[in-house]
Structures are given as C-alpha cells and as structure tokens.
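Visitor: Please find my_file28.tsv (TSV, C-alpha atoms and all ligand atoms) on the next line:
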```
chain	number	residue	atom	x	y	z
A	1	GLU	CA	-33.97	-3.51	-21.82
A	2	LEU	CA	-30.69	-4.00	-20.03
A	3	ASP	CA	-29.26	-1.29	-17.85
A	4	VAL	CA	-25.88	-2.70	-16.93
A	5	GLU	CA	-23.98	-5.41	-18.68
A	6	LEU	CA	-20.56	-6.85	-17.94
A	7	ARG	CA	-18.96	-9.03	-20.60
A	8	LYS	CA	-16.05	-11.25	-19.57
A	9	VAL	CA	-14.72	-8.58	-17.26
A	10	PHE	CA	-11.37	-9.03	-15.52
A	11	LYS	CA	-9.61	-6.77	-13.05
A	12	VAL	CA	-6.01	-7.41	-12.04
A	13	PHE	CA	-4.27	-5.42	-9.27
A	14	ASN	CA	-0.47	-5.83	-9.26
A	15	GLY	CA	-0.68	-9.40	-10.47
A	16	GLU	CA	-3.61	-10.30	-8.21
A	17	THR	CA	-6.85	-11.01	-10.02
A	18	ALA	CA	-9.80	-9.53	-8.11
A	19	VAL	CA	-12.45	-10.10	-10.81
A	20	ARG	CA	-12.11	-12.99	-13.21
A	21	GLY	CA	-14.39	-13.20	-16.20
A	22	VAL	CA	-17.61	-11.78	-14.79
A	23	ASP	CA	-20.66	-11.83	-17.04
A	24	LEU	CA	-23.69	-9.96	-15.75
A	25	LYS	CA	-26.91	-8.62	-17.22
A	26	ILE	CA	-28.90	-6.30	-15.01
A	27	ARG	CA	-32.33	-5.23	-16.22
A	28	GLN	CA	-33.82	-1.79	-16.10
A	29	GLY	CA	-35.61	-1.16	-12.82
A	30	GLU	CA	-34.28	-4.28	-11.19
A	31	PHE	CA	-33.13	-4.59	-7.57
A	32	PHE	CA	-30.03	-6.68	-8.15
A	33	SER	CA	-27.59	-7.82	-5.48
A	34	ILE	CA	-24.04	-9.06	-5.63
A	35	LEU	CA	-23.53	-11.33	-2.65
A	36	GLY	CA	-20.39	-13.03	-1.44
A	37	PRO	CA	-17.84	-13.28	1.36
A	38	SER	CA	-15.39	-10.51	2.14
A	39	GLY	CA	-12.62	-10.19	-0.44
A	40	CYS	CA	-14.43	-12.00	-3.25
A	41	GLY	CA	-14.44	-8.96	-5.55
A	42	LYS	CA	-17.84	-7.34	-4.95
A	43	THR	CA	-16.64	-3.80	-4.39
A	44	THR	CA	-14.27	-4.02	-7.34
A	45	THR	CA	-17.15	-5.15	-9.57
A	46	LEU	CA	-19.26	-2.21	-8.43
A	47	ARG	CA	-16.38	0.22	-8.92
A	48	LEU	CA	-15.96	-1.07	-12.46
A	49	VAL	CA	-19.59	-0.17	-13.16
A	50	ALA	CA	-19.20	3.21	-11.44
A	51	GLY	CA	-16.02	3.96	-13.39
A	52	PHE	CA	-13.63	4.24	-10.43
A	53	GLU	CA	-11.77	1.26	-11.90
A	54	GLN	CA	-11.02	0.38	-15.51
A	55	PRO	CA	-11.31	-3.29	-16.50
A	56	SER	CA	-8.09	-5.14	-17.35
A	57	ALA	CA	-10.13	-6.98	-19.98
A	58	GLY	CA	-13.75	-7.20	-21.04
A	59	GLU	CA	-16.54	-4.71	-21.57
A	60	VAL	CA	-18.65	-2.63	-19.22
A	61	ILE	CA	-21.87	-1.45	-20.82
A	62	VAL	CA	-24.34	0.98	-19.22
A	63	ARG	CA	-27.57	1.82	-21.04
A	64	ASN	CA	-26.29	0.31	-24.29
A	65	GLN	CA	-23.13	2.40	-24.21
A	66	LEU	CA	-19.65	0.95	-23.84
A	67	VAL	CA	-18.31	2.92	-20.89
A	68	ASN	CA	-14.85	1.36	-20.40
A	69	HIS	CA	-13.19	4.71	-21.02
A	70	ILE	CA	-15.91	7.04	-19.77
A	71	PRO	CA	-15.10	8.76	-16.45
A	72	PRO	CA	-17.41	8.22	-13.44
A	73	TYR	CA	-19.05	11.64	-13.56
A	74	ARG	CA	-20.18	11.09	-17.14
A	75	ARG	CA	-21.84	7.75	-16.46
A	76	PRO	CA	-25.58	7.68	-15.60
A	77	VAL	CA	-24.84	6.01	-12.28
A	78	ASN	CA	-24.32	7.14	-8.71
A	79	THR	CA	-22.75	5.32	-5.81
A	80	VAL	CA	-23.59	5.13	-2.13
A	81	PHE	CA	-20.52	3.98	-0.23
A	82	GLN	CA	-20.48	1.95	2.94
A	83	SER	CA	-18.61	4.71	4.74
A	84	TYR	CA	-21.20	7.29	3.49
A	85	ALA	CA	-18.27	9.53	2.48
A	86	LEU	CA	-20.07	12.69	3.54
A	87	PHE	CA	-18.13	15.95	3.76
A	88	ASN	CA	-17.77	16.59	7.48
A	89	HIS	CA	-17.27	20.33	7.13
A	90	MET	CA	-20.51	20.79	5.18
A	91	ASN	CA	-24.04	20.63	6.48
A	92	VAL	CA	-26.62	18.27	5.03
A	93	TRP	CA	-27.95	20.75	2.49
A	94	ASP	CA	-24.49	21.52	1.10
A	95	ASN	CA	-23.50	17.86	1.07
A	96	ILE	CA	-26.50	17.09	-1.12
A	97	ALA	CA	-26.18	20.20	-3.29
A	98	PHE	CA	-22.45	19.72	-3.90
A	99	GLY	CA	-22.72	17.58	-7.04
A	100	LEU	CA	-25.36	19.85	-8.54
A	101	ARG	CA	-23.25	22.96	-8.05
A	102	ILE	CA	-20.41	21.28	-9.92
A	103	LYS	CA	-22.87	20.53	-12.71
A	104	LYS	CA	-23.69	24.26	-12.82
A	105	LEU	CA	-27.42	24.01	-12.30
A	106	THR	CA	-29.20	27.25	-11.43
A	107	ASN	CA	-29.85	28.06	-7.79
A	108	ALA	CA	-33.57	27.51	-8.25
A	109	GLN	CA	-33.02	24.08	-9.80
A	110	ILE	CA	-30.62	23.12	-7.04
A	111	GLU	CA	-33.07	24.19	-4.38
A	112	ASP	CA	-35.90	22.14	-5.90
A	113	ARG	CA	-33.82	19.04	-6.29
A	114	VAL	CA	-32.24	19.13	-2.84
A	115	ARG	CA	-35.66	19.64	-1.26
A	116	ASP	CA	-37.07	16.66	-3.21
A	117	ALA	CA	-34.14	14.47	-2.23
A	118	LEU	CA	-34.45	15.37	1.46
A	119	GLN	CA	-38.13	14.59	1.32
A	120	LEU	CA	-37.50	11.22	-0.33
A	121	VAL	CA	-35.31	10.09	2.55
A	122	LYS	CA	-37.51	11.80	5.19
A	123	MET	CA	-34.82	14.21	6.35
A	124	GLU	CA	-36.54	17.55	5.65
A	125	GLY	CA	-35.79	18.89	9.12
A	126	PHE	CA	-32.07	18.18	9.01
A	127	ALA	CA	-30.81	20.51	6.27
A	128	SER	CA	-28.55	22.56	8.54
A	129	ARG	CA	-27.10	19.67	10.59
A	130	TYR	CA	-23.52	18.53	10.21
A	131	PRO	CA	-22.63	14.84	9.82
A	132	SER	CA	-21.18	14.71	13.35
A	133	GLN	CA	-24.58	15.81	14.71
A	134	MET	CA	-26.44	12.83	13.25
A	135	SER	CA	-26.82	9.10	13.93
A	136	GLY	CA	-25.48	6.47	11.54
A	137	GLY	CA	-28.94	5.89	10.11
A	138	GLN	CA	-29.44	9.60	9.46
A	139	GLN	CA	-26.05	9.90	7.79
A	140	GLN	CA	-26.97	6.94	5.63
A	141	ARG	CA	-30.13	8.70	4.49
A	142	VAL	CA	-28.15	11.80	3.60
A	143	ALA	CA	-25.72	9.66	1.60
A	144	LEU	CA	-28.70	8.20	-0.26
A	145	ALA	CA	-30.15	11.66	-0.90
A	146	ARG	CA	-26.80	12.85	-2.21
A	147	ALA	CA	-26.74	10.03	-4.74
A	148	LEU	CA	-30.39	10.39	-5.72
A	149	VAL	CA	-30.24	14.15	-6.23
A	150	ASN	CA	-28.25	13.56	-9.42
A	151	ARG	CA	-31.17	11.53	-10.80
A	152	PRO	CA	-29.04	8.60	-11.89
A	153	SER	CA	-30.45	5.77	-14.01
A	154	VAL	CA	-28.62	3.28	-11.87
A	155	LEU	CA	-27.97	3.51	-8.14
A	156	LEU	CA	-24.96	1.53	-6.94
A	157	LEU	CA	-24.95	0.65	-3.24
A	158	ASP	CA	-21.86	-0.80	-1.59
A	159	GLU	CA	-22.86	-2.47	1.70
A	160	PRO	CA	-25.13	0.53	2.29
A	161	LEU	CA	-26.39	-0.70	5.65
A	162	GLY	CA	-23.18	-2.34	6.81
A	163	ALA	CA	-22.38	0.21	9.49
A	164	LEU	CA	-25.80	0.16	11.14
A	165	ASP	CA	-26.89	-1.92	14.11
A	166	LEU	CA	-29.32	-4.76	13.50
A	167	LYS	CA	-32.58	-3.02	14.37
A	168	LEU	CA	-31.85	0.11	12.36
A	169	ARG	CA	-30.60	-2.05	9.55
A	170	LYS	CA	-33.94	-3.87	9.34
A	171	GLU	CA	-35.77	-0.53	9.25
A	172	MET	CA	-33.50	0.83	6.53
A	173	GLN	CA	-33.97	-2.36	4.51
A	174	VAL	CA	-37.69	-1.64	4.37
A	175	GLU	CA	-36.98	1.96	3.38
A	176	LEU	CA	-34.55	0.97	0.66
A	177	SER	CA	-37.15	-1.38	-0.72
A	178	ASN	CA	-39.83	1.35	-0.63
A	179	LEU	CA	-37.46	3.81	-2.25
A	180	HIS	CA	-36.74	1.34	-5.03
A	181	GLN	CA	-40.45	0.87	-5.71
A	182	GLU	CA	-41.17	4.58	-5.55
A	183	LEU	CA	-38.36	5.61	-7.90
A	184	GLY	CA	-38.36	2.67	-10.31
A	185	LEU	CA	-34.57	2.99	-10.66
A	186	THR	CA	-32.15	0.16	-11.14
A	187	PHE	CA	-30.51	-0.68	-7.81
A	188	VAL	CA	-27.29	-2.68	-7.75
A	189	MET	CA	-26.39	-3.53	-4.18
A	190	VAL	CA	-23.28	-5.24	-2.87
A	191	THR	CA	-23.61	-7.12	0.40
A	192	HIS	CA	-22.08	-9.99	2.34
A	193	ASP	CA	-25.34	-10.41	4.28
A	194	GLN	CA	-27.31	-13.26	2.73
A	195	GLU	CA	-30.52	-12.41	4.55
A	196	GLU	CA	-30.36	-8.84	3.28
A	197	ALA	CA	-29.81	-10.03	-0.28
A	198	LEU	CA	-32.62	-12.60	-0.09
A	199	SER	CA	-35.17	-10.19	1.36
A	200	LEU	CA	-34.50	-7.16	-0.86
A	201	SER	CA	-33.42	-8.41	-4.27
A	202	GLN	CA	-35.27	-9.49	-7.35
A	203	ARG	CA	-32.15	-11.34	-8.47
A	204	ILE	CA	-28.85	-12.19	-6.81
A	205	ALA	CA	-25.41	-12.99	-8.18
A	206	VAL	CA	-23.40	-15.10	-5.74
A	207	MET	CA	-19.71	-14.34	-6.06
A	208	ARG	CA	-16.67	-16.28	-4.93
A	209	ASP	CA	-12.98	-15.67	-5.65
A	210	GLY	CA	-13.70	-13.10	-8.34
A	211	LYS	CA	-16.20	-15.28	-10.19
A	212	ILE	CA	-19.95	-15.57	-10.24
A	213	GLU	CA	-21.12	-18.99	-9.10
A	214	GLN	CA	-24.84	-18.53	-9.63
A	215	ILE	CA	-27.33	-15.90	-10.70
A	216	GLY	CA	-31.00	-16.28	-9.89
A	217	THR	CA	-34.02	-15.13	-7.94
A	218	PRO	CA	-33.77	-15.49	-4.15
A	219	LYS	CA	-36.00	-18.58	-4.38
A	220	GLU	CA	-33.88	-20.22	-7.04
A	221	ILE	CA	-30.68	-19.54	-5.15
A	222	TYR	CA	-32.09	-20.83	-1.88
A	223	ASN	CA	-34.08	-23.81	-3.14
A	224	ALA	CA	-31.84	-24.93	-5.99
A	225	PRO	CA	-28.26	-23.91	-5.24
A	226	ARG	CA	-26.03	-25.03	-8.05
A	227	THR	CA	-22.84	-25.53	-6.04
A	228	PRO	CA	-22.01	-26.59	-2.46
A	229	PHE	CA	-20.56	-23.13	-1.89
A	230	VAL	CA	-23.83	-21.41	-2.80
A	231	ALA	CA	-25.84	-23.87	-0.68
A	232	ASP	CA	-23.62	-23.26	2.32
A	233	PHE	CA	-23.28	-19.50	1.91
A	234	ILE	CA	-27.01	-18.82	1.50
A	235	GLY	CA	-28.45	-19.84	4.83
A	236	ASP	CA	-27.65	-22.94	6.83
A	237	THR	CA	-27.60	-26.30	5.20
A	238	ASN	CA	-26.58	-29.92	5.61
A	239	LEU	CA	-24.20	-31.09	2.92
A	240	PHE	CA	-23.86	-34.81	2.23
A	241	ARG	CA	-20.96	-35.89	0.06
A	242	GLY	CA	-21.23	-39.22	-1.65
A	243	ARG	CA	-21.61	-41.19	-4.82
A	244	ILE	CA	-24.65	-41.37	-6.98
A	245	PHE	CA	-26.32	-44.73	-7.33
A	246	PRO	CA	-29.25	-45.40	-9.65
A	247	PHE	CA	-31.23	-42.42	-10.78
A	248	GLU	CA	-34.51	-41.90	-12.47
A	249	ARG	CA	-35.72	-38.63	-13.98
A	250	SER	CA	-34.97	-36.03	-11.34
A	251	THR	CA	-34.67	-38.21	-8.24
A	252	ILE	CA	-31.27	-39.60	-7.39
A	253	GLN	CA	-30.11	-42.10	-4.83
A	254	VAL	CA	-26.84	-41.25	-3.13
A	255	THR	CA	-24.66	-43.36	-0.88
A	256	THR	CA	-22.86	-40.94	1.38
A	257	ASP	CA	-19.27	-41.33	2.49
A	258	LYS	CA	-20.56	-42.34	5.93
A	259	GLY	CA	-22.72	-45.04	4.41
A	260	LEU	CA	-26.17	-43.47	4.48
A	261	THR	CA	-28.49	-44.01	1.56
A	262	ILE	CA	-30.42	-40.86	0.81
A	263	PHE	CA	-32.81	-39.77	-1.89
A	264	ALA	CA	-32.57	-36.32	-3.33
A	265	GLN	CA	-33.82	-34.21	-6.16
A	266	TYR	CA	-31.42	-33.23	-8.86
A	267	GLY	CA	-31.24	-29.45	-9.40
A	268	ASP	CA	-34.27	-27.54	-10.49
A	269	PRO	CA	-37.00	-30.08	-11.28
A	270	LYS	CA	-38.19	-27.99	-14.23
A	271	ASN	CA	-34.85	-27.86	-15.96
A	272	GLY	CA	-32.76	-30.85	-16.63
A	273	LYS	CA	-33.03	-34.50	-15.82
A	274	ALA	CA	-30.48	-36.28	-13.67
A	275	SER	CA	-29.85	-38.66	-16.56
A	276	ASP	CA	-28.64	-35.72	-18.66
A	277	ALA	CA	-26.33	-34.48	-15.95
A	278	PHE	CA	-24.61	-37.66	-14.84
A	279	SER	CA	-22.66	-39.73	-17.29
A	280	SER	CA	-21.99	-42.65	-15.02
A	281	LEU	CA	-23.10	-44.27	-11.82
A	282	ARG	CA	-20.88	-43.69	-8.82
A	283	GLU	CA	-20.12	-40.14	-9.89
A	284	ARG	CA	-19.42	-37.91	-6.87
A	285	VAL	CA	-22.18	-35.51	-5.83
A	286	VAL	CA	-23.04	-33.20	-2.95
A	287	VAL	CA	-26.58	-33.15	-1.62
A	288	SER	CA	-27.86	-30.08	0.25
A	289	VAL	CA	-30.73	-30.45	2.73
A	290	ARG	CA	-32.01	-27.32	4.47
A	291	PRO	CA	-32.44	-27.56	8.27
A	292	GLU	CA	-36.09	-26.56	8.11
A	293	LYS	CA	-36.88	-29.47	5.75
A	294	ILE	CA	-35.89	-32.01	8.39
A	295	GLN	CA	-38.38	-33.13	11.01
A	296	VAL	CA	-37.75	-34.88	14.29
A	297	SER	CA	-40.04	-37.27	16.19
A	298	LEU	CA	-39.82	-39.95	18.85
A	299	GLU	CA	-41.80	-42.42	16.77
A	300	GLU	CA	-40.68	-43.75	13.44
A	301	PRO	CA	-42.75	-42.02	10.74
A	302	ASP	CA	-44.35	-43.96	7.88
A	303	ASN	CA	-43.19	-43.68	4.33
A	304	TYR	CA	-40.38	-41.20	4.45
A	305	PRO	CA	-37.71	-41.88	1.84
A	306	ASN	CA	-35.10	-40.39	4.16
A	307	CYS	CA	-35.44	-41.50	7.80
A	308	PHE	CA	-32.61	-42.14	10.24
A	309	GLU	CA	-32.28	-42.93	13.90
A	310	GLY	CA	-30.26	-40.59	16.07
A	311	ARG	CA	-29.96	-38.64	19.30
A	312	MET	CA	-30.42	-34.99	20.13
A	313	LYS	CA	-26.96	-33.54	20.71
A	314	HIS	CA	-27.63	-29.88	21.10
A	315	VAL	CA	-30.66	-27.62	21.28
A	316	MET	CA	-30.61	-23.88	20.85
A	317	PHE	CA	-33.76	-21.95	21.69
A	318	MET	CA	-34.26	-19.14	19.16
A	319	GLY	CA	-37.70	-17.83	20.11
A	320	THR	CA	-39.94	-18.63	17.16
A	321	HIS	CA	-37.98	-21.75	16.38
A	322	VAL	CA	-35.50	-24.20	17.80
A	323	GLN	CA	-32.16	-25.04	16.21
A	324	CYS	CA	-30.88	-28.50	17.03
A	325	VAL	CA	-28.07	-30.79	16.15
A	326	VAL	CA	-29.07	-34.44	15.75
A	327	GLU	CA	-26.34	-37.05	15.64
A	328	LEU	CA	-27.30	-40.03	13.53
A	329	VAL	CA	-26.22	-43.59	14.26
A	330	SER	CA	-23.93	-43.27	11.23
A	331	GLY	CA	-22.07	-40.43	12.94
A	332	ASP	CA	-23.45	-37.77	10.59
A	333	ARG	CA	-24.55	-34.61	12.34
A	334	LEU	CA	-27.68	-32.89	11.11
A	335	LEU	CA	-28.58	-29.28	11.64
A	336	VAL	CA	-32.34	-29.19	12.17
A	337	SER	CA	-34.59	-26.18	12.50
A	338	GLN	CA	-38.00	-26.81	14.08
A	339	PRO	CA	-40.91	-24.60	14.99
A	340	ASN	CA	-40.90	-23.92	18.71
A	341	ARG	CA	-42.66	-27.06	20.02
A	342	PRO	CA	-41.86	-28.97	23.23
A	343	GLU	CA	-41.62	-32.36	21.45
A	344	VAL	CA	-38.11	-31.71	20.22
A	345	LEU	CA	-36.75	-30.74	23.62
A	346	VAL	CA	-35.62	-34.24	24.59
A	347	ASP	CA	-32.41	-35.32	26.31
A	348	SER	CA	-29.42	-36.69	24.48
A	349	GLN	CA	-30.15	-40.32	25.49
A	350	THR	CA	-33.60	-40.68	23.97
A	351	PRO	CA	-33.63	-42.35	20.56
A	352	LEU	CA	-35.43	-40.36	17.94
A	353	TYR	CA	-35.93	-40.20	14.20
A	354	ALA	CA	-34.86	-37.48	11.83
A	355	PHE	CA	-36.65	-37.57	8.49
A	356	TRP	CA	-37.25	-35.54	5.37
A	357	ASP	CA	-38.87	-35.79	2.01
A	358	VAL	CA	-37.05	-35.81	-1.30
A	359	HIS	CA	-35.79	-32.26	-1.88
A	401	LIG	P1	-15.13	-7.38	-1.47
A	401	LIG	O1	-15.78	-6.07	-1.74
A	401	LIG	O2	-15.91	-8.55	-1.98
A	401	LIG	O3	-14.76	-7.56	-0.04
A	401	LIG	P2	-12.92	-6.29	-3.03
A	401	LIG	O4	-13.48	-6.07	-4.39
A	401	LIG	O5	-12.80	-5.10	-2.16
A	401	LIG	O6	-13.74	-7.44	-2.29
A	401	LIG	O7	-11.48	-6.95	-3.16
A	401	LIG	C1	-11.22	-8.08	-3.95
A	401	LIG	C2	-9.74	-8.36	-3.95
A	401	LIG	O8	-9.06	-7.35	-4.67
A	401	LIG	C3	-9.11	-8.40	-2.57
A	401	LIG	O9	-8.15	-9.42	-2.55
A	401	LIG	C4	-8.49	-7.03	-2.44
A	401	LIG	O10	-7.36	-7.08	-1.59
A	401	LIG	C5	-8.09	-6.72	-3.87
A	401	LIG	N1	-8.11	-5.27	-4.15
A	401	LIG	C6	-9.21	-4.48	-4.16
A	401	LIG	N2	-8.89	-3.21	-4.47
A	401	LIG	C7	-7.54	-3.18	-4.65
A	401	LIG	C8	-6.59	-2.16	-5.00
A	401	LIG	N3	-6.98	-0.91	-5.23
A	401	LIG	N4	-5.28	-2.52	-5.08
A	401	LIG	C9	-4.90	-3.80	-4.88
A	401	LIG	N5	-5.75	-4.79	-4.56
A	401	LIG	C10	-7.05	-4.51	-4.44
A	402	MG	MG	-16.38	-4.58	-0.38
```
In structure tokens, write the structure found in this file.
Ligand code: ADP
Ligand code: MG
Guide:
Amino acid sequence: ELDVELRKVFKVFNGETAVRGVDLKIRQGEFFSILGPSGCGKTTTLRLVAGFEQPSAGEVIVRNQLVNHIPPYRRPVNTVFQSYALFNHMNVWDNIAFGLRIKKLTNAQIEDRVRDALQLVKMEGFASRYPSQMSGGQQQRVALARALVNRPSVLLLDEPLGALDLKLRKEMQVELSNLHQELGLTFVMVTHDQEEALSLSQRIAVMRDGKIEQIGTPKEIYNAPRTPFVADFIGDTNLFRGRIFPFERSTIQVTTDKGLTIFAQYGDPKNGKASDAFSSLRERVVVSVRPEKIQVSLEEPDNYPNCFEGRMKHVMFMGTHVQCVVELVSGDRLLVSQPNRPEVLVDSQTPLYAFWDVH
C-alpha cells in the first residue's frame, strides 16, 4: 500500500533542472525523510507532492491517483513549512480553523476539530494568543496543528524544526515521533540535518543535485553507504581512495593512493559479492571507515587486518567521547572517535597504533 509515488519526475525552472528523474515509493504510515545539502532539490520535491509545483516530466501519484494536474487543496496532503507561515493578524484558534472555514464545515465540527488539534500538540491554553506572543517552538506546534486539523493522509514537513535552537529541536523531534506513532499518518520530512533524519525516519532518501543517491533505512544508509557522497554526508567518515587488488567473496583488498593496504567489506554483505561488482583487478574504489570503528592503542594489537602506526595530531574532548585526528606514517589522516578514556590522550610525539576490523 503506497501512499506517495514519484515516477521519473523532473522539474525545470527557467532552464535550470532542480529535480532530475526522481523515483520514490513512500509507504502508508511511514516516516520518510528526504535528506541532502541545501539546494539539492528537497523543497521542490516536496512541493511537487503538495501540488505547489507541477512536474516538467514524470508522474506524481498520491493514494493511487495521478495528481499531476490536481490543485493542492484537492490532494489528501498538508504541508508544514519551515517558516510556519502562520497568519500574524489571527490568533491561534483562527489560524487553525481557517482551512476548515474555507471547507465550509459547520461551526460545531470546526470547534471539535480545532480543540482536538490543539490537544494533539499540547497547546490547549493558547487558543487566543497571537503568533507574536509565542516562542518559536509554540508557533511550530500551531503550524503542526493547522496542518493536522485537515486530517490529511500524508503530512509533508519542510525542515519543520529548522528555526528552533538545538535543545528545543531535540524536544520537538521526540514530539514529532510521538505524534507520528499516535496518528499513524504518513510523514514525509525534508531536512538537511543528518542526525535528525537518522533518529526519526523509518527510511531516508539521500538527495544530491536533484537526484536520489540512495534510499534505505537509517542503518543501511549509515552502515552500507553506496556512494562516497552518502558516506561523507551521513555522519563523519574516513574515505580511502585506491585500487582494488585481489578479492574474495565480500572482502576486498585495496591499495590506497598513499600506499596503504587495507581490507574492507564490499557493500552490504547480504547482497552481492565483490566478484559480481568488479570486472577487473585494479579498478578504482573508495572505502569508507567510520571514526568509531577505529581504535587507538600504544601497543600493537594482535591480529587486526588493518593496523597502522601513527601519531596523535589533534584531540577534541566532546564529553562522552573524544574525537581525534591520527596521522599515519603514510601521511593519511584518520578521524577517530573514542569513548572518553584517558589512554587516548597522549602527546603528538608518542608512537601509537590505529586499527580496525574489516568493515
Ligand atoms: P533545497 O530545498 O534542497 O535547498 P530547493 O528545492 O529549494 O532545494 O532548490 C533546488 C534548486 O532549484 C535550487 O538551485 C533553487 O535555486 C532552484 N529553485 C527552487 N525553486 C525555484 C523557483 N521557484 N524558481 C527558480 N528556481 C528555483
Ligand atoms: Mg529547502
């Protein structure tokens, strides 16, 4: 049961292509995120689903209906904008009731629905406030209530928490997640914040230059990024560029451009063998190693396929963990994330070993 489907959708603005051939299938009840850097086409994609933009080519399907030529107000979707877009001259109650009045519901129906919506976002006491009399977080809740009051099948959220400070943002993330569970609606959220996407979504589409680079669960995207861009964009990572040497099943040996020999796992171990993916030896590859997979010690560890001598170049204390940069003898610099232990806090002269398993 799909809720939203995009088929080979393109959007061109005055000769500039903002969305280029996007294919997406979003399931009913899913919390789905579109994640990517600023300008990659996220908002345009969402506006195509909402109906504020018409595709230059391709099909937009909502609830099994081709909606290319259906206006926004007749689609079973509602949008929460980053800017909230509340009416400043109306109080909270009227802001929320506005859409229902246009739909010509009776006063009793409107009253019930607005009350429910206010309760959902825990703003019962704020009905007579004006937007200027509320904090960013409160305005955000009102914007959510205004979208939910229409009882859409799909809620579209464009950087919904983007204007909030970090602490409030974390709180609202939890509330969004609760709201999603409570309502069982399909949520499609656009964000450039990878942590937000990873923590809230059931699946994520990573977008770049108008195209989708990878779609998967947060775990798949983080643990098995399919392109260097995805690996780098989702969290920190160490990228090694080099040529593949012999390979066997899913483990490959790579000689990096700086002359290191490293062992790595090809893609998702369940799907696909390296021997299917690489036609020849010496093909160029990029290996991604997450900072938290790398360990550091003063003594050489036994039996690690990847183990290199280096020096501690930089240590950043982060509270629960320590972020360090280790420079290897080869000149490669490794970003390493360690639990907060004193062992790693050594000076830049002491030789040490950085090592990791095959990942
Ligand atoms: P994002 O939300 O990922 O930051 P957008 O979808 O807003 O990206 O924009 C993608 C690209 O399309 C950008 O280059 C932007 O300048 C362009 N664009 C978006 N909307 C319009 C428009 N109405 N007219 C012309 N260009 C636009
Ligand atoms: Mg945007």
Visitor: Tell me, counting all atoms listed in the file, for each residue of chain A within 8 Å of ligand MG 402 (chain A), which pair of atoms is nearest and how far apart they are in Å to one decimal, in rows ordered by chain and increasing number, as JSON lines.
Guide:
```
{"residue": "A:Ser38", "atom": "CA", "partner": "A:MG402", "partner_atom": "MG", "distance": 6.5}
{"residue": "A:Gly39", "atom": "CA", "partner": "A:MG402", "partner_atom": "MG", "distance": 6.8}
{"residue": "A:Gly41", "atom": "CA", "partner": "A:MG402", "partner_atom": "MG", "distance": 7.0}
{"residue": "A:Lys42", "atom": "CA", "partner": "A:MG402", "partner_atom": "MG", "distance": 5.5}
{"residue": "A:Thr43", "atom": "CA", "partner": "A:MG402", "partner_atom": "MG", "distance": 4.1}
{"residue": "A:Thr44", "atom": "CA", "partner": "A:MG402", "partner_atom": "MG", "distance": 7.3}
{"residue": "A:Asp158", "atom": "CA", "partner": "A:MG402", "partner_atom": "MG", "distance": 6.8}
{"residue": "A:Glu159", "atom": "CA", "partner": "A:MG402", "partner_atom": "MG", "distance": 7.1}
{"residue": "A:Val190", "atom": "CA", "partner": "A:MG402", "partner_atom": "MG", "distance": 7.4}
{"residue": "A:Thr191", "atom": "CA", "partner": "A:MG402", "partner_atom": "MG", "distance": 7.7}
```
Visitor: Put those residues in a file: C-alpha atoms, as a PDB file, in the frame of the given file.
Guide:
```pdb
ATOM      1  CA  SER A  38     -15.390 -10.510   2.140  1.00  0.00           C
ATOM      2  CA  GLY A  39     -12.620 -10.190  -0.440  1.00  0.00           C
ATOM      3  CA  GLY A  41     -14.440  -8.960  -5.550  1.00  0.00           C
ATOM      4  CA  LYS A  42     -17.840  -7.340  -4.950  1.00  0.00           C
ATOM      5  CA  THR A  43     -16.640  -3.800  -4.390  1.00  0.00           C
ATOM      6  CA  THR A  44     -14.270  -4.020  -7.340  1.00  0.00           C
ATOM      7  CA  ASP A 158     -21.860  -0.800  -1.590  1.00  0.00           C
ATOM      8  CA  GLU A 159     -22.860  -2.470   1.700  1.00  0.00           C
ATOM      9  CA  VAL A 190     -23.280  -5.240  -2.870  1.00  0.00           C
ATOM     10  CA  THR A 191     -23.610  -7.120   0.400  1.00  0.00           C
TER      11      THR A 191
END
```
Visitor: Return the single residue from A:His69, A:Lys258, A:Arg151, A:Arg75 that is closest to Val4 of chain A, with distances computed using only C-alpha atoms.
Guide: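 Smallest separation from Val4 of chain A among the options: A:Arg75.
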Visitor: What does the distance between atom C3 of ligand LIG 401 (chain A) and atom CA of Asp209 of chain A come to in Å, to one decimal place?
Guide: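 Separating atom C3 of ligand LIG 401 (chain A) from atom CA of Asp209 of chain A is a distance of 8.8 Å.
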Visitor: Can you pull out every residue within 9 Å of Gly162 of chain A, counting all atoms listed in the file, but drop anything in the same chain fewer than 5 positions away, and send it as a PyMOL selection string?
Guide: chain A and resi 82-83+169+191-193
Visitor: If you measure from atom CA of Glu16 of chain A to atom CA of Gln214 of chain A, what distance in Å do you get, rounded to one decimal?
Guide: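 Computing it gives 22.8 Å between the two atoms.
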Visitor: Closest to Cys324 of chain A among A:Thr217, A:Asn64, A:Thr251, A:Gln295, using all atoms listed in the file?
Guide: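 Of all the options, A:Gln295 lies closest to Cys324 of chain A.
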Visitor: So that I can check the surroundings of segment 259-261 of chain A, please list as a ChimeraX atom specification every protein, DNA and RNA residue that reaches within 9 Å of it, counting all atoms listed in the file and ignoring chain neighbours fewer than 4 positions away.
Guide: /A:242,253-255,306,308,330,332
Visitor: I need the residues from that last selection saved to file as a PDB file, in the coordinates of the input (with C-alpha atoms), if you can.
Guide:
```pdb
ATOM      1  CA  GLY A 242     -21.230 -39.220  -1.650  1.00  0.00           C
ATOM      2  CA  GLN A 253     -30.110 -42.100  -4.830  1.00  0.00           C
ATOM      3  CA  VAL A 254     -26.840 -41.250  -3.130  1.00  0.00           C
ATOM      4  CA  THR A 255     -24.660 -43.360  -0.880  1.00  0.00           C
ATOM      5  CA  ASN A 306     -35.100 -40.390   4.160  1.00  0.00           C
ATOM      6  CA  PHE A 308     -32.610 -42.140  10.240  1.00  0.00           C
ATOM      7  CA  SER A 330     -23.930 -43.270  11.230  1.00  0.00           C
ATOM      8  CA  ASP A 332     -23.450 -37.770  10.590  1.00  0.00           C
TER       9      ASP A 332
END
```
Visitor: Taking (-29.3, 2.2, 12.7) in the file's coordinates, which residues come within 6 Å, counting all atoms listed in the file, written as JSON, numbers by chain?
Guide: {"A": [136, 137, 164, 165, 168, 169]}
Visitor: Grab the residues selected above and save them as a compact mmCIF listing (two decimals), in the coordinates of the input with C-alpha atoms.
Guide:
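Just written: result.txt:
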```txt
# COMPACT_ATOMS: atom_id res chain seq x y z
CA GLY A 136 -25.48 6.47 11.54
CA GLY A 137 -28.94 5.89 10.11
CA LEU A 164 -25.80 0.16 11.14
CA ASP A 165 -26.89 -1.92 14.11
CA LEU A 168 -31.85 0.11 12.36
CA ARG A 169 -30.60 -2.05 9.55
```
